[in-house]
Structures are given as C-alpha cells and as structure tokens.
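Peer 1: Have a look at this one.
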Amino acid sequence: MSEVPTELKYTSSHEWLRVEDDGLITVGISDHAQALLGDLVFIELPEVDTEFVAGDECCVVESVKAASDVYMPVSGEIVEVNEALVDEPEIINSSPYDNGWLFKIRPSADELADMMDAEAYQAEIED
Amino acid sequence: MSNKTVLFDKHVEYKGKIVDFAGWQMPVNYGSQIDEHHQVRNDAGMFDVSHMVIIDLVAREGGDIKAFLQYLLANDVAKLQQPGKALYSCMLNETGGVIDDLIVYYMTDDWYRVVINAGTREKDLAWMNKQVARFNVDIKERDDLAMIAVQGPEARTKAFEVLPLDVVEAATPLKRFFGTGCGEWFVGRTGYTGEDGFEIMLPGSEAAALWDKLAGSGIKPCGLGARDTLRLEAGMNLYGSDMTEETSPLISGLGWTIALEPAERDFIGRKALESEKAGGVKQKLVGLVLEGRGVLRGHQKVIARDGSGQIVGEGEITSGTFSPSLQRSIALARVPVEIGDSCEVEIRGKHLKASVVKPVFVRDGQAV
C-alpha cells in the first residue's frame, strides 16, 4: 500500500507538490511512482533558473527497468534542485516525500487548483 | 493473456510485484531487483521459470531424434557424446533468421529434452511439428512440470541441504552444462545468470513445497528484473531483443553456436548463412560500457567510429541496463564490423561516449 500524505497536492502523472512558507513549491514523485519504477539509478535534473510551463518535461528519472519523464506540475522557474540525488538517486526510493524531493519552483501563476488532493490521488492509483 | 505458474500463490505470499511477461503473471521483483541481483552474484537466489516450455522428444519405433535435431538446429547435436550433456542452439528459418534459442539435453538416443522460451511457444511448436514428419519422433510438451532456477556461488550447497536425497545423489557429480533425470525430477547444472547453479524441473504439484524449502535454506526469491540484469552482465542474449526472425546469428553474437562442419550436414538456414558469409558479414554484436552517467536502453542509436576516429556508420542497442555489479550502464549493440574501441550513444538528443568491449561483463562474480 502506497503512502499518500494528506498535506500534499498531486498530479495524475504522479508528481507531488508542497507549498512552502516562502511561497515556493517543492516537487517530487509519489511513493506509488517510485514503487512502480523500482530501484532508481539515474536522474537528470532541470537547470536552475530555467522557466517551464505546466506540463513540460523537465526532469528524467531512470530505474534499472525504465526511464520516466517528470512533468512540470505548474508553470514557473526552477530555483533549486536536489543535487544529492545525482550521486544517490536511490534516496527517492527510500524517502520519496522528504530527502527525495526533486526541485523547487517559483510559480508564475496560481495553478494549484488544478491539482488533486490526497483523497483524489489515492482513488486514482487504486483504479 | 494471464497465465499463472503453479508458484503464483508463492509469489504473492513472498510479496512479489507481479507484472505481465509474455502472457504470464510473473514477479518482476520481491522488493528490490538490485538487492536480488547482488544476492545471486554473492550468495544464492532462485527464480520461477515455470513459464518456459519443456519439451521431451521421444523416438517412436525406428525414430531418429538425432537426425531430426541435426536438421532442425544450427548447432550440431552430434557434439553431445555423453548422456546428460546440454547444448545451446538457435533454431533458424530458411532465411537464417532466429525463430528461437534453446537448450537441448541429450539423455538417451531415444530421449532428448528441449527447453524453449515462453513467448515463442506456439510458433516454435508449430515449426517443430512441421519439420518432424519424416523422423518418427514424438514432441511432448511437459506442462505438468514446473522449473525453478537456483543460481549463485552458494546455490548448489544450499540446495543440497533441502533437495530429496536421491536428487542430491544424482545432481552431485554433475559437471557444468550437464543434466540428469531422477524419477520425475530433472536437474541441469545450467542457468541464465553467469553464476553456477541448477535448473530444477519437477512435477508441478511438488513445486510450492520445494520453493518454501529452498527459501528456508537461504536461497532468496528473485524476480525477472534481476534475471535480466544478471543475464546481460553475463553477456547472454535475450530472444526478441538481441536476435529475432529478422536477424541472423552471425550479426547477433551467436556465430559460435553455428556448426558449419561437417559440411554435409543439411540444417534449416544453412544456405542463407553460407551466402551471408560469402558476401561478407556487415554487422556484429558488441558490448558497450557507458563512460559517464546515464542508462543505455534498447533501440538507442549508436554512432560507430573506427580505430582512427572516423565515423563508419550507425548501430543500435539491442539490450541495455544499469549494471548493479559494475555500477555503470552496459549494453549489447548491433554495430558495423569496422567499429573501433569507442563510440557514442544518442540519449535524448545528447551524444554520450561509450567504450566498446567484448559482450561479456561479469562471470562467476568477477568483472571481466
């Protein structure tokens, strides 16, 4: 059974979002997504200062099994990436919601209303 | 499209993550495929390979299995002089394409056992039944049997602790690439990981009990994910990826399995291979090791350079993965024969450097 923290927002492509006190949005992939991918062995993080619109492919995570794109959940600018993952992508497997965060966005529009809450995401992955 | 082996309930019980594989519901891992990989390289692991197809060839009155297999297979079963000896071979079509790869065990003149892939079951059987007519040989599918592969440096020792005594006695003297029957059981000292071990065939009704006993002796369940990284490190081809009906063994790293001598042996595909050789073989299968970070995958484009750095054409990765033993990405690739010792692989628009090596990366726990 996958963990789905209630304080986070989710996308149907399995990213999670957390709105920080300073207004930045931290993004990662869900416990369900890391379990589907299996052991992660490689990550291609976005470049800091790059701007994307919601839905852009901005990051790639690769497990032994497969490569998977991570999509920009909301439009904005990348302000920080989790460099620790470059050497140890397996952190995403062991801690998808904490140490395994991928990047932080300064949002350029308020698109959070389009995201799912934990209950909706839970229902979606149970299908 | 959802066959289950007799061990399916065990996979669920042992927390296997079930995926569809060639129409079978099989465990891809039981938690971490990397841990399972290391378990096999360093200790002992087991795989349910009951989805593979076991076929007994049995001679009728006046039947000649040897003649049948000498015609059917590109390798020559005349090499099998001692009972129990196994041979790896391709089964080719008339144009020299690979219908399947298989293992054949010579047991007696009137009994050979063949193991083929699950995904090619129907076409293989149709082909074999079409070719067998004049040889007076029965082709019997042994769907009553399950198969468990125990692999790793400690696999035999640990398996001996729990196998029935008569099976232990029969299997103890087995040399590598030999098999032996023991009542309804059969043990081959064979595998698909590059490690020592056994492939144990037994009545399906006894498989679940053996699975528990093997687990109890410290042989951990491993899924198809680890099976794939282990075989790729060992440089073993995967049918459907590294060779198909559209590729000849000569461009698939399988030239060593083609027995063109004796010249008078007529086998299916022989003429096509001979003319391919006469015209000059244009491609070969090599190993690649990615120098930096990233993961090589099937179908990625290879830009081949010769020894002086000149581009000599393009190739394609046929199987690629992250190697848990080497902590690098490795691949098998079909490339122009002129390739030197390095190349580039195109990954998401970028050209990454890879070294070209013999297609075997790890054997018996050691990097090669």
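By convention here, the chains of the structure tokens are called A, B, ... in the order presented, each chain's residues are numbered starting at 1, and ligands are numbered starting at 1 in the order presented.
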If you run DSSP over the backbone, which residues in chain A end up alpha helix (DSSP H)? Put them as a PyMOL selection string.

Peer 2: chain A and resi 31-37+84-87+91-94+118-126

Peer 1: Can you write out as CSV which residues of region 215-301 of chain B fall within 10 Å of region 33-48 of chain A, alongside each residue's closest atom pair and its distance in Å to one decimal, counting only C-alpha atoms and ordering rows by chain and ascending residue number?

Peer 2:
residue,atom,partner,partner_atom,distance
B:Gly225,CA,A:Gly38,CA,9.4
B:Arg293,CA,A:Phe42,CA,7.2
B:Gly294,CA,A:Phe42,CA,6.0
B:Val295,CA,A:Phe42,CA,7.1

Peer 1: Limited to all heavy atoms, could you put the picked residues into a file as a PDB file, in the first residue's frame?

Peer 2:
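This went into selection_4.pdb:
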ATOM      1  N   GLY B 225      13.285  -9.039 -13.084  1.00  0.00           N
ATOM      2  CA  GLY B 225      14.129  -7.853 -13.208  1.00  0.00           C
ATOM      3  C   GLY B 225      15.593  -8.211 -12.994  1.00  0.00           C
ATOM      4  O   GLY B 225      16.456  -7.889 -13.819  1.00  0.00           O
ATOM      5  N   ARG B 293      27.496   9.186 -16.634  1.00  0.00           N
ATOM      6  CA  ARG B 293      26.212   8.817 -16.050  1.00  0.00           C
ATOM      7  C   ARG B 293      25.156   8.662 -17.130  1.00  0.00           C
ATOM      8  O   ARG B 293      25.238   9.286 -18.180  1.00  0.00           O
ATOM      9  CB  ARG B 293      25.758   9.900 -15.091  1.00  0.00           C
ATOM     10  CG  ARG B 293      26.627  10.058 -13.875  1.00  0.00           C
ATOM     11  CD  ARG B 293      26.067  11.171 -13.004  1.00  0.00           C
ATOM     12  NE  ARG B 293      26.991  11.583 -11.978  1.00  0.00           N
ATOM     13  CZ  ARG B 293      27.120  10.959 -10.802  1.00  0.00           C
ATOM     14  NH1 ARG B 293      26.384   9.908 -10.530  1.00  0.00           N
ATOM     15  NH2 ARG B 293      27.977  11.406  -9.909  1.00  0.00           N
ATOM     16  N   GLY B 294      24.128   7.891 -16.821  1.00  0.00           N
ATOM     17  CA  GLY B 294      23.036   7.669 -17.752  1.00  0.00           C
ATOM     18  C   GLY B 294      22.728   6.190 -17.821  1.00  0.00           C
ATOM     19  O   GLY B 294      23.402   5.386 -17.166  1.00  0.00           O
ATOM     20  N   VAL B 295      21.709   5.845 -18.576  1.00  0.00           N
ATOM     21  CA  VAL B 295      21.349   4.439 -18.702  1.00  0.00           C
ATOM     22  C   VAL B 295      21.121   4.105 -20.171  1.00  0.00           C
ATOM     23  O   VAL B 295      20.290   4.730 -20.832  1.00  0.00           O
ATOM     24  CB  VAL B 295      20.086   4.090 -17.893  1.00  0.00           C
ATOM     25  CG1 VAL B 295      19.843   2.576 -17.938  1.00  0.00           C
ATOM     26  CG2 VAL B 295      20.203   4.557 -16.444  1.00  0.00           C
TER      27      VAL B 295
END

Peer 1: May I ask you to extract the residues of chain B within 9 Å of chain A, using only C-alpha atoms, and to give them as a PyMOL selection string?

Peer 2: chain B and resi 29+31-34+225+229+293-295+297+321-324+327

Peer 1: Write out as a CSV table (one decimal) with C-alpha atoms, in the first residue's frame each polymer residue whose atoms come within 7 Å of region 247-259 of chain B, counting only C-alpha atoms; drop sequence neighbours fewer than 3 positions from it.

Peer 2:
chain,number,residue,atom,x,y,z
B,74,ALA,CA,22.0,-24.6,-36.3
B,75,ASN,CA,24.3,-26.2,-33.7
B,76,ASP,CA,25.1,-29.8,-34.1
B,89,SER,CA,21.5,-23.7,-30.1
B,96,GLY,CA,18.7,-17.7,-41.5
B,97,GLY,CA,16.6,-15.6,-39.0
B,98,VAL,CA,16.3,-16.9,-35.5
B,242,ASP,CA,19.2,-9.3,-29.2
B,243,MET,CA,18.1,-11.6,-32.0
B,244,THR,CA,14.8,-12.1,-33.9
B,283,GLN,CA,27.5,-6.1,-38.5
B,284,LYS,CA,28.3,-7.7,-35.2
B,285,LEU,CA,27.1,-7.6,-31.6

Peer 1: Could you list, as a ChimeraX atom specification, every residue within 8 Å of region 44-59 of chain B, counting only C-alpha atoms and ignoring same-chain residues fewer than 3 positions away?

Peer 2: /B:5-7,24,36,39-41,62-65,110-118,121,136-143,145-155,158,218-224,227

Peer 1: Tell me, as a list in words, which residues lie within 12 Å of Pro5 (chain A), counting only C-alpha atoms; anything in the same chain fewer than 4 positions away does not count.

Peer 2: Lys9, Tyr10, Trp16, Leu17, Arg18, Ser30, Asp31, His32, Pro96, Tyr97, Asp98, Asp117, Ala118, Glu119, Ala120, Tyr121 and Gln122 of chain A

Peer 1: Would you put the residues from that selection into a file with C-alpha atoms, as a tab-separated table (two decimals), in the first residue's frame?

Peer 2:
chain	number	residue	atom	x	y	z
A	9	LYS	CA	-1.09	18.01	-3.72
A	10	TYR	CA	-0.74	15.52	-6.58
A	16	TRP	CA	3.61	15.60	-5.57
A	17	LEU	CA	3.72	19.32	-4.60
A	18	ARG	CA	4.22	21.05	-1.31
A	30	SER	CA	4.97	9.87	-5.22
A	31	ASP	CA	5.62	6.71	-3.26
A	32	HIS	CA	3.38	4.93	-5.76
A	96	PRO	CA	10.09	9.97	-1.78
A	97	TYR	CA	8.42	12.77	0.24
A	98	ASP	CA	11.35	14.11	2.23
A	117	ASP	CA	-5.72	16.35	-3.11
A	118	ALA	CA	-4.57	13.19	-1.35
A	119	GLU	CA	-8.01	11.62	-1.39
A	120	ALA	CA	-8.46	12.10	-5.13
A	121	TYR	CA	-4.94	10.82	-5.86
A	122	GLN	CA	-5.46	7.80	-3.64

Peer 1: Identify, on the basis of only C-alpha atoms, every residue whose closest approach to Gly235 (chain B) does not exceed 9 Å; exclude the query and any residue fewer than 5 positions from it along the same chain; express the result as a PyMOL selection string.

Peer 2: chain B and resi 194+230+287+331-332+358-363

Peer 1: May I have the selected residues written with all heavy atoms, as a tab-separated table (two decimals), in the first residue's frame?

Peer 2:
chain	number	residue	atom	x	y	z
B	194	GLY	N	25.17	-16.33	-15.44
B	194	GLY	CA	26.63	-16.26	-15.39
B	194	GLY	C	27.20	-16.79	-14.08
B	194	GLY	O	28.39	-16.70	-13.85
B	230	LEU	N	21.26	-9.76	-14.61
B	230	LEU	CA	22.27	-10.82	-14.45
B	230	LEU	C	22.66	-11.39	-15.81
B	230	LEU	O	23.84	-11.57	-16.11
B	230	LEU	CB	21.72	-11.92	-13.53
B	230	LEU	CG	21.62	-11.53	-12.05
B	230	LEU	CD1	20.63	-12.44	-11.32
B	230	LEU	CD2	22.99	-11.60	-11.37
B	287	GLY	N	29.66	-5.41	-26.83
B	287	GLY	CA	29.26	-4.87	-25.54
B	287	GLY	C	29.61	-3.39	-25.48
B	287	GLY	O	30.61	-2.96	-26.08
B	331	ALA	N	25.47	-2.40	-22.21
B	331	ALA	CA	24.51	-2.75	-23.26
B	331	ALA	C	25.10	-3.75	-24.23
B	331	ALA	O	26.32	-3.93	-24.30
B	331	ALA	CB	24.11	-1.48	-24.03
B	332	LEU	N	24.23	-4.41	-24.96
B	332	LEU	CA	24.61	-5.12	-26.18
B	332	LEU	C	24.13	-4.26	-27.34
B	332	LEU	O	23.04	-3.67	-27.27
B	332	LEU	CB	23.94	-6.51	-26.24
B	332	LEU	CG	24.30	-7.49	-25.12
B	332	LEU	CD1	23.49	-8.78	-25.27
B	332	LEU	CD2	25.79	-7.80	-25.12
B	358	LYS	N	34.17	-6.69	-25.48
B	358	LYS	CA	33.59	-8.00	-25.78
B	358	LYS	C	32.28	-8.12	-25.01
B	358	LYS	O	32.19	-7.67	-23.86
B	358	LYS	CB	34.55	-9.11	-25.34
B	358	LYS	CG	35.67	-9.33	-26.32
B	358	LYS	CD	36.38	-10.66	-26.02
B	358	LYS	CE	37.63	-10.77	-26.86
B	358	LYS	NZ	38.78	-11.25	-26.09
B	359	PRO	N	31.27	-8.77	-25.60
B	359	PRO	CA	29.96	-8.77	-24.95
B	359	PRO	C	29.85	-9.75	-23.78
B	359	PRO	O	29.00	-10.63	-23.77
B	359	PRO	CB	29.00	-9.11	-26.09
B	359	PRO	CG	29.82	-9.86	-27.06
B	359	PRO	CD	31.22	-9.36	-26.94
B	360	VAL	N	30.71	-9.60	-22.80
B	360	VAL	CA	30.54	-10.28	-21.52
B	360	VAL	C	31.16	-9.37	-20.48
B	360	VAL	O	32.27	-8.87	-20.66
B	360	VAL	CB	31.17	-11.70	-21.53
B	360	VAL	CG1	32.60	-11.67	-21.98
B	360	VAL	CG2	31.07	-12.34	-20.15
B	361	PHE	N	30.40	-9.11	-19.43
B	361	PHE	CA	30.82	-8.08	-18.46
B	361	PHE	C	31.19	-8.68	-17.10
B	361	PHE	O	32.09	-8.21	-16.44
B	361	PHE	CB	29.69	-7.06	-18.28
B	361	PHE	CG	29.21	-6.45	-19.57
B	361	PHE	CD1	28.15	-7.01	-20.28
B	361	PHE	CD2	29.82	-5.33	-20.10
B	361	PHE	CE1	27.71	-6.46	-21.47
B	361	PHE	CE2	29.39	-4.76	-21.28
B	361	PHE	CZ	28.33	-5.33	-21.98
B	362	VAL	N	30.47	-9.72	-16.69
B	362	VAL	CA	30.68	-10.34	-15.38
B	362	VAL	C	30.51	-11.85	-15.52
B	362	VAL	O	29.58	-12.31	-16.17
B	362	VAL	CB	29.65	-9.82	-14.34
B	362	VAL	CG1	29.88	-10.48	-12.99
B	362	VAL	CG2	29.71	-8.31	-14.21
B	363	ARG	N	31.42	-12.61	-14.96
B	363	ARG	CA	31.29	-14.07	-14.92
B	363	ARG	C	31.73	-14.58	-13.56
B	363	ARG	O	32.77	-14.16	-13.07
B	363	ARG	CB	32.18	-14.73	-15.99
B	363	ARG	CG	31.47	-15.04	-17.29
B	363	ARG	CD	30.41	-16.13	-17.16
B	363	ARG	NE	29.37	-15.97	-18.16
B	363	ARG	CZ	29.45	-16.46	-19.40
B	363	ARG	NH1	30.47	-17.18	-19.77
B	363	ARG	NH2	28.45	-16.26	-20.25

Peer 1: Pick out the closest residue to Ile105 (chain A) from this set: A:Ile29, A:Met72, A:Leu24, A:Ala54. Count only C-alpha atoms.

Peer 2: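 That would be A:Leu24, the residue with the smallest distance to Ile105 (chain A).
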
Peer 1: Step one, run DSSP on the backbone; step two, keep only residues of region 55-249 of chain B assigned to strand (DSSP E or B); then write them as a VMD selection string.

Peer 2: chain B and resid 55 to 59 73 85 to 92 98 to 108 111 to 116 137 to 141 145 to 151 178 to 182 185 to 188 197 to 203 220 to 221 239 243

Peer 1: Identify which of the residues A:Glu3, A:Glu83, A:Asp56, A:Asp21 lies closest to Val70 (chain A), counting only C-alpha atoms when measuring atom-to-atom distances.

Peer 2: A:Asp56
